[in-house]
Amino acid sequence: MATVKDITTMCKVGNVVDAYEMAKADLNAFPQDIWAQRKMGWALYYSLKSDIENKDNVTFYVHIEELMNLNLLTVSADSLIFENVLWKLAEYIKNIPIDNIQEIDKLFSLFNKYTFNPSKGYSYLLKSCWRFETWEHLVDFFEWWNLDNLLPEDYKQLELDNKQKIMPLAEQAYIAYSKALLKLNDKEKIREFLPKIEKLMEDHPEMMYPGYFCGKLMLAIDTEKGDALNAVMPLVRKKQSEFWIWQLLSEIYKEDIETCLACLLRAVHSRAQEKFLGKVRIKIASIYLSRKDYARAKCHIEQMKQCYMKEGWRLPYEVQNWTRESWMLNAAVDKSDSIDYKRITDTILLNGTNKSIAIVTAINTVTKRVAIIYGEKKRAMVKFRNLDIKEGTLLNIYWIPVPKGSINIIKAELFNDDIINCTYIKRISGSVLKSTNNSFAFVKAQNISCYIHPKKVEKYNLKGGEMVTILAAYNYNKREEEWSWVCISVINVKL
């Protein structure tokens with residue numbers, strides 16, 4: 001009677017058929033012997049490998065069914081056999097044509113009786129199966145596979161040999177499952193999945209696209225606009241130049257027609273190719289038609305028609321009907337936008353941000369980075385574009401926190417109010433206190449002792465005794481390792 005080692009040795013040197021026949025003979029003689037089944041399990045693994053190499057699909061199924069009938073083998077006790085089989089199963093599935101749903105369905109009915117442990121082979125099986133987007137049992141497959149079985153390395157970004165980076169397998173899996181749920185439109189299953197994709201977003205903020213699909217899933221179950229908006233905002237800010245993000249936002253704001261139209265207009269004014277904008281232009285035309293704004297509706301319909309004709313695509317029936325209407329024949333084309341879409345959509349970008357008054361405390365002319373104080377014991381180094389700033393410039397900033405205690409400024413504008421209502425920036429008026437032997441000075445007023453740096457003392461030729469009005473900030477002193485009041489700029493000096 002052969003041993004497991006005998007069988008595997010024969011297979012490794014190419015005697016797969018002989019090893020299979022030997023293992024089968026032993027199994028027939030002792031059908032309920034665990035070692036006879038293990039020998040057969042290894043023989044079948046190598047047979048599956050040979051079937052794939054020889055493209056023998058018929059025999060592959062015979063061997064798979066034989067393997068599944070080995071009732072004494074378990075995933076836990078015979079993990080090595082099953083892990084190797086998983087790789088071969090995934091390899092075979094990878095070569096099934098994407099429209100051959102019957103075959104993937106048949107295979108799934110064979111292996112879905114097992115509960116596998118997390119492994120690289122199991123992850124490879126997942127990746128091989130999610131591409132069958134028209135498979136009616138794709139959601140069942142995901143539920144059987146269970147995304148909790150993803151490995152820690154599945155959450156890491158992948159890098160190909162050519163240094164090109166692609167999204168982590170986990171991110172791809174969550175997206176594929178989201179698409180399958182959206183297609184199935186099972187609201188209960190969507191509700192069950194939403195906490196999981198929200199947890200993924202929380203644990204992995206570096207993943208970009210789960211937020212988009214979280215928003216789509218929320219819309220599918222009629223979630224409140226605010227909740228859907230909060231889910232997609234991190235992605236919106238990163239991808240605000242892409243048409244599809246504004247298309248998604250138009251769905252979130254579908255009850256607010258003015259904002260919905262603004263989002264759609266921003267989508268068509270993005271850098272997207274015209275062939276991607278057909279559905280967006282149809283929605284814009286529909287809104288304009290509801291307002292009897294035929295000239296602007298005609299503009300978007302004509303642009304869509306030209307693109308579809310160029311691509312050789314058939315016009316949607318809705319558009320075909322429009323082209324036969326009298327208004328389409330008689331209206332002049334108006335290419336202008338009916339609303340200030342940029343102002344409206346820029347406001348959306350501020351959703352969920354913090355608003356603060358900030359003061360510029362220093363400017364690095366080499367790196368173009370600016371030091372600001374924007375809160376009680378809050379300072380940051382940031383960059384501003386298209387703003388004329390100097391030390392002492394006051395700003396309104398809209399910001400969100402980012403890792404390591406920094407902030408991402410979404411919008412900044414000059415602060416034009418005469419009244420500063422915050423605890424960390426003050427206008428102080430008082431007498432300059434300066435010792436003859438010191439190059440620095442102080443102003444004491446409003447129970448505050450404010451330090452004036454020697455450079456500012458020299459710049460304004462302060463000798464002591466002058467009445468000054470200064471702009472002060474509660475800033476961090478690196479040398480003393482403490483927070484204290486510091487003069488940022490001198491507004492006026494009176495002798």
# chains A, B, ... in the order shown; residues from 1 in each chain; ligands from 1
>>> residues_around(residues="Tyr374 in chain A", least_positions_apart="4", cutoff="7 Å", atoms="only C-alpha atoms", output="list in words")
Ser356, Ile357, Ala358, Ile359, Lys378 and Arg379 of chain A
>>> residues_around(residues="Leu495 in chain A", least_positions_apart="4", cutoff="9 Å", atoms="only C-alpha atoms", output="VMD selection string")
chain A and resid 465 to 468
>>> write_last_selection(atoms="N, CA and C atoms", output="PDB file, in the first residue's frame")
ATOM      1  N   GLY A 465       8.440 103.507  25.402  1.00  0.00           N
ATOM      2  CA  GLY A 465       7.580 104.632  25.746  1.00  0.00           C
ATOM      3  C   GLY A 465       6.584 104.989  24.662  1.00  0.00           C
ATOM      4  N   GLU A 466       6.773 104.500  23.442  1.00  0.00           N
ATOM      5  CA  GLU A 466       5.827 104.797  22.371  1.00  0.00           C
ATOM      6  C   GLU A 466       4.478 104.130  22.653  1.00  0.00           C
ATOM      7  N   MET A 467       3.398 104.722  22.152  1.00  0.00           N
ATOM      8  CA  MET A 467       2.073 104.106  22.191  1.00  0.00           C
ATOM      9  C   MET A 467       1.871 103.379  20.855  1.00  0.00           C
ATOM     10  N   VAL A 468       1.629 102.098  20.959  1.00  0.00           N
ATOM     11  CA  VAL A 468       1.502 101.313  19.730  1.00  0.00           C
ATOM     12  C   VAL A 468       0.201 100.511  19.754  1.00  0.00           C
TER      13      VAL A 468
END
>>> closest_residue(among="A:Cys129, A:Leu261, A:Leu471, A:Val366", to="Asn100 in chain A", atoms="only C-alpha atoms")
A:Cys129
>>> residues_around(residues="range 317-323 of chain A", least_positions_apart="4", cutoff="10 Å", atoms="only C-alpha atoms", output="short mmCIF file (atom, residue, chain, number, x, y, z; two decimals) with all heavy atoms, in the first residue's frame")
data_model
loop_
_atom_site.label_atom_id
_atom_site.label_comp_id
_atom_site.auth_asym_id
_atom_site.auth_seq_id
_atom_site.Cartn_x
_atom_site.Cartn_y
_atom_site.Cartn_z
N ILE A 282 -28.27 64.63 -20.74
CA ILE A 282 -29.70 64.31 -20.79
C ILE A 282 -30.40 64.83 -19.54
O ILE A 282 -31.50 65.40 -19.60
CB ILE A 282 -29.91 62.79 -20.94
CG1 ILE A 282 -29.50 62.33 -22.34
CG2 ILE A 282 -31.36 62.41 -20.68
CD1 ILE A 282 -29.53 60.83 -22.53
N ALA A 285 -30.66 68.61 -19.79
CA ALA A 285 -31.72 68.96 -20.74
C ALA A 285 -33.10 68.77 -20.11
O ALA A 285 -34.00 69.59 -20.29
CB ALA A 285 -31.58 68.13 -22.01
N SER A 286 -33.27 67.70 -19.34
CA SER A 286 -34.56 67.43 -18.69
C SER A 286 -34.94 68.55 -17.72
O SER A 286 -36.10 68.97 -17.66
CB SER A 286 -34.51 66.09 -17.94
OG SER A 286 -34.31 65.03 -18.84
N LEU A 289 -35.87 71.63 -19.70
CA LEU A 289 -37.18 71.45 -20.32
C LEU A 289 -38.31 71.62 -19.31
O LEU A 289 -39.38 72.15 -19.64
CB LEU A 289 -37.27 70.07 -20.98
CG LEU A 289 -36.45 69.89 -22.26
CD1 LEU A 289 -36.54 68.45 -22.77
CD2 LEU A 289 -36.92 70.85 -23.35
N ALA A 297 -31.71 73.76 -23.24
CA ALA A 297 -31.91 72.32 -23.39
C ALA A 297 -31.40 71.87 -24.75
O ALA A 297 -30.72 70.84 -24.87
CB ALA A 297 -33.40 71.99 -23.24
N LYS A 298 -31.71 72.65 -25.78
CA LYS A 298 -31.28 72.28 -27.13
C LYS A 298 -29.76 72.24 -27.24
O LYS A 298 -29.19 71.38 -27.92
CB LYS A 298 -31.85 73.28 -28.14
CG LYS A 298 -31.53 72.94 -29.60
CD LYS A 298 -32.24 73.87 -30.56
CE LYS A 298 -31.91 73.49 -32.01
NZ LYS A 298 -32.65 74.34 -32.96
N ILE A 301 -28.58 68.92 -25.85
CA ILE A 301 -29.03 67.81 -26.70
C ILE A 301 -28.20 67.75 -27.97
O ILE A 301 -27.77 66.68 -28.41
CB ILE A 301 -30.53 67.98 -27.03
CG1 ILE A 301 -31.36 67.81 -25.76
CG2 ILE A 301 -30.96 66.96 -28.09
CD1 ILE A 301 -32.81 68.22 -25.92
N GLU A 302 -27.93 68.91 -28.56
CA GLU A 302 -27.14 68.95 -29.80
C GLU A 302 -25.72 68.44 -29.56
O GLU A 302 -25.17 67.69 -30.37
CB GLU A 302 -27.10 70.39 -30.34
CG GLU A 302 -28.41 70.90 -30.91
CD GLU A 302 -28.76 70.25 -32.25
OE1 GLU A 302 -27.98 69.42 -32.74
OE2 GLU A 302 -29.83 70.57 -32.79
N MET A 304 -24.75 66.33 -27.29
CA MET A 304 -24.82 64.89 -27.09
C MET A 304 -25.03 64.17 -28.42
O MET A 304 -24.42 63.14 -28.69
CB MET A 304 -25.96 64.57 -26.13
CG MET A 304 -25.89 63.15 -25.57
SD MET A 304 -27.50 62.54 -25.09
CE MET A 304 -28.19 62.19 -26.68
N LYS A 305 -25.91 64.70 -29.27
CA LYS A 305 -26.18 64.09 -30.57
C LYS A 305 -24.92 64.00 -31.42
O LYS A 305 -24.62 62.97 -32.02
CB LYS A 305 -27.24 64.91 -31.31
CG LYS A 305 -28.69 64.61 -30.93
CD LYS A 305 -29.65 65.50 -31.69
CE LYS A 305 -29.49 65.30 -33.19
NZ LYS A 305 -30.40 66.21 -33.93
N TRP A 327 -40.31 72.59 -30.45
CA TRP A 327 -39.37 73.49 -29.80
C TRP A 327 -37.93 73.20 -30.20
O TRP A 327 -37.09 74.09 -30.26
CB TRP A 327 -39.53 73.45 -28.28
CG TRP A 327 -39.33 72.08 -27.66
CD1 TRP A 327 -40.29 71.20 -27.32
CD2 TRP A 327 -38.08 71.45 -27.35
NE1 TRP A 327 -39.75 70.05 -26.81
CE2 TRP A 327 -38.38 70.17 -26.82
CE3 TRP A 327 -36.74 71.83 -27.47
CZ2 TRP A 327 -37.40 69.27 -26.41
CZ3 TRP A 327 -35.75 70.94 -27.07
CH2 TRP A 327 -36.09 69.67 -26.54
N MET A 328 -37.64 71.92 -30.47
CA MET A 328 -36.28 71.54 -30.88
C MET A 328 -35.96 72.10 -32.26
O MET A 328 -34.82 72.45 -32.56
CB MET A 328 -36.16 70.01 -30.87
CG MET A 328 -34.76 69.50 -31.12
SD MET A 328 -33.62 69.89 -29.78
CE MET A 328 -32.10 69.19 -30.44
N LEU A 329 -36.97 72.19 -33.08
CA LEU A 329 -36.76 72.71 -34.43
C LEU A 329 -36.67 74.23 -34.44
O LEU A 329 -35.92 74.82 -35.24
CB LEU A 329 -37.92 72.26 -35.34
CG LEU A 329 -38.10 70.75 -35.51
CD1 LEU A 329 -39.36 70.44 -36.29
CD2 LEU A 329 -36.88 70.15 -36.20
#
>>> residues_around(residues="Ile397 in chain A", least_positions_apart="5", cutoff="12 Å", atoms="only C-alpha atoms", output="list in words")
Leu350, Thr353, Asn354, Lys355, Ser356, Ile357, Ala358, Ile359, Val360, Ile372, Ile373, Tyr374, Gly375, Val382, Phe384, Ile407, Asn408, Ile409, Ile410, Lys411, Ala412, Glu413, Leu414 and Phe415 of chain A
>>> write_last_selection(atoms="N, CA, C and O atoms", output="mmCIF file, in the first residue's frame")
data_model
loop_
_atom_site.group_PDB
_atom_site.id
_atom_site.type_symbol
_atom_site.label_atom_id
_atom_site.label_comp_id
_atom_site.auth_asym_id
_atom_site.auth_seq_id
_atom_site.Cartn_x
_atom_site.Cartn_y
_atom_site.Cartn_z
ATOM 1 N N LEU A 350 -17.317 72.828 1.055
ATOM 2 C CA LEU A 350 -17.069 73.259 2.434
ATOM 3 C C LEU A 350 -17.853 72.433 3.438
ATOM 4 O O LEU A 350 -17.692 72.612 4.653
ATOM 5 N N THR A 353 -16.494 71.062 6.971
ATOM 6 C CA THR A 353 -15.219 71.686 7.325
ATOM 7 C C THR A 353 -15.344 72.489 8.617
ATOM 8 O O THR A 353 -16.438 72.832 9.061
ATOM 9 N N ASN A 354 -14.204 72.799 9.197
ATOM 10 C CA ASN A 354 -14.131 73.706 10.340
ATOM 11 C C ASN A 354 -13.781 75.100 9.828
ATOM 12 O O ASN A 354 -12.955 75.232 8.922
ATOM 13 N N LYS A 355 -14.395 76.110 10.408
ATOM 14 C CA LYS A 355 -14.079 77.485 10.016
ATOM 15 C C LYS A 355 -13.338 78.168 11.156
ATOM 16 O O LYS A 355 -13.762 78.096 12.309
ATOM 17 N N SER A 356 -12.215 78.814 10.817
ATOM 18 C CA SER A 356 -11.421 79.500 11.843
ATOM 19 C C SER A 356 -10.865 80.801 11.284
ATOM 20 O O SER A 356 -10.671 80.946 10.063
ATOM 21 N N ILE A 357 -10.595 81.730 12.204
ATOM 22 C CA ILE A 357 -9.783 82.893 11.852
ATOM 23 C C ILE A 357 -8.332 82.489 12.031
ATOM 24 O O ILE A 357 -7.967 81.860 13.023
ATOM 25 N N ALA A 358 -7.514 82.813 11.049
ATOM 26 C CA ALA A 358 -6.092 82.466 11.121
ATOM 27 C C ALA A 358 -5.249 83.709 10.894
ATOM 28 O O ALA A 358 -5.685 84.658 10.238
ATOM 29 N N ILE A 359 -4.045 83.688 11.448
ATOM 30 C CA ILE A 359 -3.111 84.790 11.244
ATOM 31 C C ILE A 359 -1.795 84.239 10.737
ATOM 32 O O ILE A 359 -1.300 83.206 11.224
ATOM 33 N N VAL A 360 -1.238 84.897 9.740
ATOM 34 C CA VAL A 360 0.063 84.504 9.185
ATOM 35 C C VAL A 360 1.149 85.011 10.122
ATOM 36 O O VAL A 360 1.244 86.213 10.376
ATOM 37 N N ILE A 372 0.918 79.551 10.249
ATOM 38 C CA ILE A 372 -0.287 80.225 10.716
ATOM 39 C C ILE A 372 -0.666 79.740 12.114
ATOM 40 O O ILE A 372 -0.319 78.631 12.512
ATOM 41 N N ILE A 373 -1.353 80.603 12.837
ATOM 42 C CA ILE A 373 -2.041 80.225 14.070
ATOM 43 C C ILE A 373 -3.527 80.255 13.722
ATOM 44 O O ILE A 373 -4.032 81.265 13.220
ATOM 45 N N TYR A 374 -4.224 79.150 13.997
ATOM 46 C CA TYR A 374 -5.624 79.095 13.576
ATOM 47 C C TYR A 374 -6.566 78.664 14.704
ATOM 48 O O TYR A 374 -7.763 78.422 14.454
ATOM 49 N N GLY A 375 -6.030 78.586 15.924
ATOM 50 C CA GLY A 375 -6.867 78.201 17.052
ATOM 51 C C GLY A 375 -6.080 78.253 18.341
ATOM 52 O O GLY A 375 -4.882 78.593 18.352
ATOM 53 N N VAL A 382 1.389 75.693 6.010
ATOM 54 C CA VAL A 382 0.498 75.433 4.878
ATOM 55 C C VAL A 382 0.971 76.222 3.659
ATOM 56 O O VAL A 382 1.921 77.007 3.734
ATOM 57 N N PHE A 384 -0.649 78.653 0.408
ATOM 58 C CA PHE A 384 -1.810 79.361 -0.125
ATOM 59 C C PHE A 384 -1.549 79.736 -1.581
ATOM 60 O O PHE A 384 -0.437 80.108 -1.953
ATOM 61 N N ILE A 407 -3.450 70.068 9.022
ATOM 62 C CA ILE A 407 -4.768 70.380 8.475
ATOM 63 C C ILE A 407 -4.681 70.527 6.965
ATOM 64 O O ILE A 407 -3.617 70.816 6.407
ATOM 65 N N ASN A 408 -5.802 70.318 6.324
ATOM 66 C CA ASN A 408 -5.928 70.531 4.889
ATOM 67 C C ASN A 408 -6.903 71.680 4.705
ATOM 68 O O ASN A 408 -8.078 71.590 5.067
ATOM 69 N N ILE A 409 -6.417 72.789 4.149
ATOM 70 C CA ILE A 409 -7.264 73.969 3.976
ATOM 71 C C ILE A 409 -8.043 73.833 2.672
ATOM 72 O O ILE A 409 -7.463 73.755 1.582
ATOM 73 N N ILE A 410 -9.359 73.805 2.784
ATOM 74 C CA ILE A 410 -10.232 73.648 1.622
ATOM 75 C C ILE A 410 -10.468 74.992 0.939
ATOM 76 O O ILE A 410 -10.509 75.077 -0.286
ATOM 77 N N LYS A 411 -10.581 76.039 1.741
ATOM 78 C CA LYS A 411 -10.782 77.381 1.182
ATOM 79 C C LYS A 411 -10.186 78.403 2.132
ATOM 80 O O LYS A 411 -10.235 78.238 3.351
ATOM 81 N N ALA A 412 -9.609 79.461 1.573
ATOM 82 C CA ALA A 412 -9.077 80.553 2.397
ATOM 83 C C ALA A 412 -9.451 81.875 1.741
ATOM 84 O O ALA A 412 -9.421 82.002 0.514
ATOM 85 N N GLU A 413 -9.819 82.842 2.577
ATOM 86 C CA GLU A 413 -10.172 84.168 2.067
ATOM 87 C C GLU A 413 -9.708 85.202 3.079
ATOM 88 O O GLU A 413 -9.564 84.917 4.273
ATOM 89 N N LEU A 414 -9.474 86.408 2.599
ATOM 90 C CA LEU A 414 -9.028 87.468 3.489
ATOM 91 C C LEU A 414 -10.114 87.805 4.502
ATOM 92 O O LEU A 414 -11.299 87.855 4.182
ATOM 93 N N PHE A 415 -9.686 88.038 5.729
ATOM 94 C CA PHE A 415 -10.597 88.419 6.819
ATOM 95 C C PHE A 415 -10.746 89.929 6.787
ATOM 96 O O PHE A 415 -9.773 90.670 6.977
#
>>> select_by_dssp(residues="range 235-423 of chain A", states="alpha helix (DSSP H)", output="ChimeraX atom specification")
/A:235-238,243-252,257-268,278-290,294-311,317-323,326-330,341-349
>>> closest_residue(among="A:Asp33, A:Asp18, A:Glu171, A:Glu242", to="Gly211 in chain A", atoms="only C-alpha atoms")
A:Glu171
>>> closest_atom_pairs(of="range 346-427 of chain A", to="range 447-463 of chain A", cutoff="12 Å", atoms="only C-alpha atoms", output="Markdown table")
| residue | atom | partner | partner_atom | distance |
| --- | --- | --- | --- | --- |
| A:Glu391 | CA | A:Lys456 | CA | 11.3 |
| A:Thr423 | CA | A:Ile448 | CA | 11.8 |
| A:Tyr424 | CA | A:Ile448 | CA | 11.6 |
| A:Ile425 | CA | A:Cys450 | CA | 11.5 |
| A:Lys426 | CA | A:Ile448 | CA | 10.0 |
| A:Arg427 | CA | A:Cys450 | CA | 10.9 |
>>> write_last_selection(atoms="N, CA, C and O atoms", output="mmCIF file, in the first residue's frame")
data_model
loop_
_atom_site.group_PDB
_atom_site.id
_atom_site.type_symbol
_atom_site.label_atom_id
_atom_site.label_comp_id
_atom_site.auth_asym_id
_atom_site.auth_seq_id
_atom_site.Cartn_x
_atom_site.Cartn_y
_atom_site.Cartn_z
ATOM 1 N N GLU A 391 3.199 88.738 6.762
ATOM 2 C CA GLU A 391 3.094 88.527 8.205
ATOM 3 C C GLU A 391 2.017 89.448 8.765
ATOM 4 O O GLU A 391 2.004 90.649 8.497
ATOM 5 N N THR A 423 -9.798 83.975 20.979
ATOM 6 C CA THR A 423 -8.937 84.057 22.164
ATOM 7 C C THR A 423 -7.447 84.020 21.841
ATOM 8 O O THR A 423 -6.621 84.227 22.726
ATOM 9 N N TYR A 424 -7.092 83.753 20.589
ATOM 10 C CA TYR A 424 -5.684 83.542 20.250
ATOM 11 C C TYR A 424 -5.105 84.619 19.331
ATOM 12 O O TYR A 424 -3.934 84.582 18.984
ATOM 13 N N ILE A 425 -5.942 85.568 18.904
ATOM 14 C CA ILE A 425 -5.485 86.719 18.121
ATOM 15 C C ILE A 425 -6.127 87.958 18.724
ATOM 16 O O ILE A 425 -7.335 87.991 18.952
ATOM 17 N N LYS A 426 -5.332 88.997 18.964
ATOM 18 C CA LYS A 426 -5.886 90.224 19.546
ATOM 19 C C LYS A 426 -5.188 91.452 18.986
ATOM 20 O O LYS A 426 -3.999 91.410 18.652
ATOM 21 N N ARG A 427 -5.951 92.535 18.881
ATOM 22 C CA ARG A 427 -5.352 93.850 18.655
ATOM 23 C C ARG A 427 -5.111 94.467 20.027
ATOM 24 O O ARG A 427 -6.030 94.587 20.843
#
>>> residues_around(residues="Lys189 in chain A", least_positions_apart="3", cutoff="12 Å", atoms="only C-alpha atoms", output="ChimeraX atom specification")
/A:139-140,142-143,177-178,180-186,192-196,217-218,220-221
>>> write_last_selection(atoms="N, CA and C atoms", output="PDB file, in the first residue's frame")
ATOM      1  N   VAL A 139     -23.564  37.942  -5.465  1.00  0.00           N
ATOM      2  CA  VAL A 139     -23.741  38.359  -4.067  1.00  0.00           C
ATOM      3  C   VAL A 139     -23.668  37.153  -3.139  1.00  0.00           C
ATOM      4  N   ASP A 140     -24.280  36.029  -3.565  1.00  0.00           N
ATOM      5  CA  ASP A 140     -24.192  34.793  -2.760  1.00  0.00           C
ATOM      6  C   ASP A 140     -22.738  34.356  -2.602  1.00  0.00           C
ATOM      7  N   PHE A 142     -20.055  36.335  -2.625  1.00  0.00           N
ATOM      8  CA  PHE A 142     -19.400  37.230  -1.672  1.00  0.00           C
ATOM      9  C   PHE A 142     -19.780  36.881  -0.239  1.00  0.00           C
ATOM     10  N   GLU A 143     -21.034  36.565  -0.019  1.00  0.00           N
ATOM     11  CA  GLU A 143     -21.479  36.221   1.338  1.00  0.00           C
ATOM     12  C   GLU A 143     -20.847  34.907   1.802  1.00  0.00           C
ATOM     13  N   TYR A 177     -18.163  44.071  -4.510  1.00  0.00           N
ATOM     14  CA  TYR A 177     -19.343  43.664  -3.756  1.00  0.00           C
ATOM     15  C   TYR A 177     -20.399  44.767  -3.779  1.00  0.00           C
ATOM     16  N   SER A 178     -19.960  46.010  -3.670  1.00  0.00           N
ATOM     17  CA  SER A 178     -20.890  47.143  -3.734  1.00  0.00           C
ATOM     18  C   SER A 178     -21.622  47.166  -5.073  1.00  0.00           C
ATOM     19  N   ALA A 180     -22.185  44.652  -7.043  1.00  0.00           N
ATOM     20  CA  ALA A 180     -23.101  43.513  -7.091  1.00  0.00           C
ATOM     21  C   ALA A 180     -24.374  43.798  -6.290  1.00  0.00           C
ATOM     22  N   LEU A 181     -24.231  44.430  -5.132  1.00  0.00           N
ATOM     23  CA  LEU A 181     -25.391  44.774  -4.312  1.00  0.00           C
ATOM     24  C   LEU A 181     -26.260  45.818  -4.990  1.00  0.00           C
ATOM     25  N   LEU A 182     -25.633  46.808  -5.627  1.00  0.00           N
ATOM     26  CA  LEU A 182     -26.390  47.839  -6.328  1.00  0.00           C
ATOM     27  C   LEU A 182     -27.178  47.247  -7.489  1.00  0.00           C
ATOM     28  N   LYS A 183     -26.579  46.283  -8.164  1.00  0.00           N
ATOM     29  CA  LYS A 183     -27.274  45.633  -9.283  1.00  0.00           C
ATOM     30  C   LYS A 183     -28.423  44.771  -8.781  1.00  0.00           C
ATOM     31  N   LEU A 184     -28.207  44.061  -7.673  1.00  0.00           N
ATOM     32  CA  LEU A 184     -29.261  43.219  -7.098  1.00  0.00           C
ATOM     33  C   LEU A 184     -30.370  44.074  -6.489  1.00  0.00           C
ATOM     34  N   ASN A 185     -29.980  45.251  -5.954  1.00  0.00           N
ATOM     35  CA  ASN A 185     -30.920  46.199  -5.343  1.00  0.00           C
ATOM     36  C   ASN A 185     -31.701  45.565  -4.194  1.00  0.00           C
ATOM     37  N   ASP A 186     -30.999  44.772  -3.405  1.00  0.00           N
ATOM     38  CA  ASP A 186     -31.596  44.187  -2.211  1.00  0.00           C
ATOM     39  C   ASP A 186     -31.308  45.136  -1.047  1.00  0.00           C
ATOM     40  N   GLU A 192     -27.137  45.802   5.629  1.00  0.00           N
ATOM     41  CA  GLU A 192     -26.214  44.957   6.385  1.00  0.00           C
ATOM     42  C   GLU A 192     -24.756  45.244   6.028  1.00  0.00           C
ATOM     43  N   PHE A 193     -24.525  45.615   4.769  1.00  0.00           N
ATOM     44  CA  PHE A 193     -23.149  45.826   4.302  1.00  0.00           C
ATOM     45  C   PHE A 193     -22.625  47.219   4.628  1.00  0.00           C
ATOM     46  N   LEU A 194     -23.504  48.201   4.709  1.00  0.00           N
ATOM     47  CA  LEU A 194     -23.059  49.587   4.903  1.00  0.00           C
ATOM     48  C   LEU A 194     -22.139  49.784   6.109  1.00  0.00           C
ATOM     49  N   PRO A 195     -22.436  49.210   7.282  1.00  0.00           N
ATOM     50  CA  PRO A 195     -21.501  49.396   8.414  1.00  0.00           C
ATOM     51  C   PRO A 195     -20.104  48.863   8.124  1.00  0.00           C
ATOM     52  N   LYS A 196     -20.024  47.827   7.295  1.00  0.00           N
ATOM     53  CA  LYS A 196     -18.709  47.247   6.977  1.00  0.00           C
ATOM     54  C   LYS A 196     -17.894  48.170   6.078  1.00  0.00           C
ATOM     55  N   LEU A 217     -24.570  53.320  -2.292  1.00  0.00           N
ATOM     56  CA  LEU A 217     -25.363  52.369  -1.515  1.00  0.00           C
ATOM     57  C   LEU A 217     -26.365  53.103  -0.622  1.00  0.00           C
ATOM     58  N   MET A 218     -25.926  54.212  -0.038  1.00  0.00           N
ATOM     59  CA  MET A 218     -26.837  54.989   0.800  1.00  0.00           C
ATOM     60  C   MET A 218     -28.004  55.535  -0.012  1.00  0.00           C
ATOM     61  N   ALA A 220     -29.235  54.211  -2.593  1.00  0.00           N
ATOM     62  CA  ALA A 220     -30.085  53.082  -2.995  1.00  0.00           C
ATOM     63  C   ALA A 220     -31.121  52.751  -1.931  1.00  0.00           C
ATOM     64  N   ILE A 221     -30.840  53.103  -0.670  1.00  0.00           N
ATOM     65  CA  ILE A 221     -31.815  52.807   0.397  1.00  0.00           C
ATOM     66  C   ILE A 221     -32.418  54.104   0.937  1.00  0.00           C
TER      67      ILE A 221
END
>>> closest_residue(among="A:Ile344, A:Cys11, A:Ile245, A:His204", to="Lys216 in chain A", atoms="only C-alpha atoms")
A:Ile245
>>> atom_distance(atom1="CA of Trp135 in chain A", atom2="CA of Asp148 in chain A")
22.0 Å
>>> atom_distance(atom1="CA of Lys165 in chain A", atom2="CA of Lys120 in chain A")
19.6 Å
>>> atom_distance(atom1="CA of Asn416 in chain A", atom2="CA of Ala472 in chain A")
16.9 Å
>>> closest_residue(among="A:Asn112, A:Trp42, A:Val493, A:Asn117", to="Ser76 in chain A", atoms="only C-alpha atoms")
A:Asn117
>>> closest_residue(among="A:Ile348, A:Ile93, A:Ile389, A:Met233", to="Cys263 in chain A", atoms="only C-alpha atoms")
A:Ile348
>>> residues_around(residues="Ile81 in chain A", least_positions_apart="3", cutoff="8 Å", atoms="only C-alpha atoms", output="PyMOL selection string")
chain A and resi 41-42+45+78+84-85
>>> write_last_selection(atoms="N, CA, C and O atoms", output="compact mmCIF listing (two decimals), in the first residue's frame")
# COMPACT_ATOMS: atom_id res chain seq x y z
N GLY A 41 -6.49 12.80 -2.28
CA GLY A 41 -6.54 14.26 -2.34
C GLY A 41 -5.33 14.86 -3.03
O GLY A 41 -5.46 15.74 -3.89
N TRP A 42 -4.15 14.36 -2.69
CA TRP A 42 -2.94 14.86 -3.34
C TRP A 42 -2.88 14.45 -4.81
O TRP A 42 -2.48 15.24 -5.67
N TYR A 45 -5.13 16.80 -6.63
CA TYR A 45 -4.55 18.13 -6.81
C TYR A 45 -3.63 18.16 -8.01
O TYR A 45 -3.73 19.05 -8.87
N ASP A 78 -6.60 19.24 6.74
CA ASP A 78 -5.91 19.00 5.46
C ASP A 78 -5.73 20.31 4.71
O ASP A 78 -5.96 20.40 3.50
N ASN A 84 -3.59 24.32 -1.86
CA ASN A 84 -3.08 24.09 -3.21
C ASN A 84 -4.21 23.97 -4.22
O ASN A 84 -4.11 24.48 -5.34
N VAL A 85 -5.28 23.30 -3.83
CA VAL A 85 -6.44 23.16 -4.72
C VAL A 85 -7.07 24.52 -5.00
O VAL A 85 -7.49 24.81 -6.14
>>> closest_residue(among="A:Lys279, A:Lys163, A:Val4, A:Ser119", to="Pro316 in chain A", atoms="only C-alpha atoms")
A:Lys279
>>> residues_around(residues="Trp35 in chain A", least_positions_apart="5", cutoff="10 Å", atoms="only C-alpha atoms", output="list in words")
Ala2, Thr3, Val4, Ala23, Asp26, Leu27, Phe30, Met40, Gly41, Leu72 and Leu73 of chain A
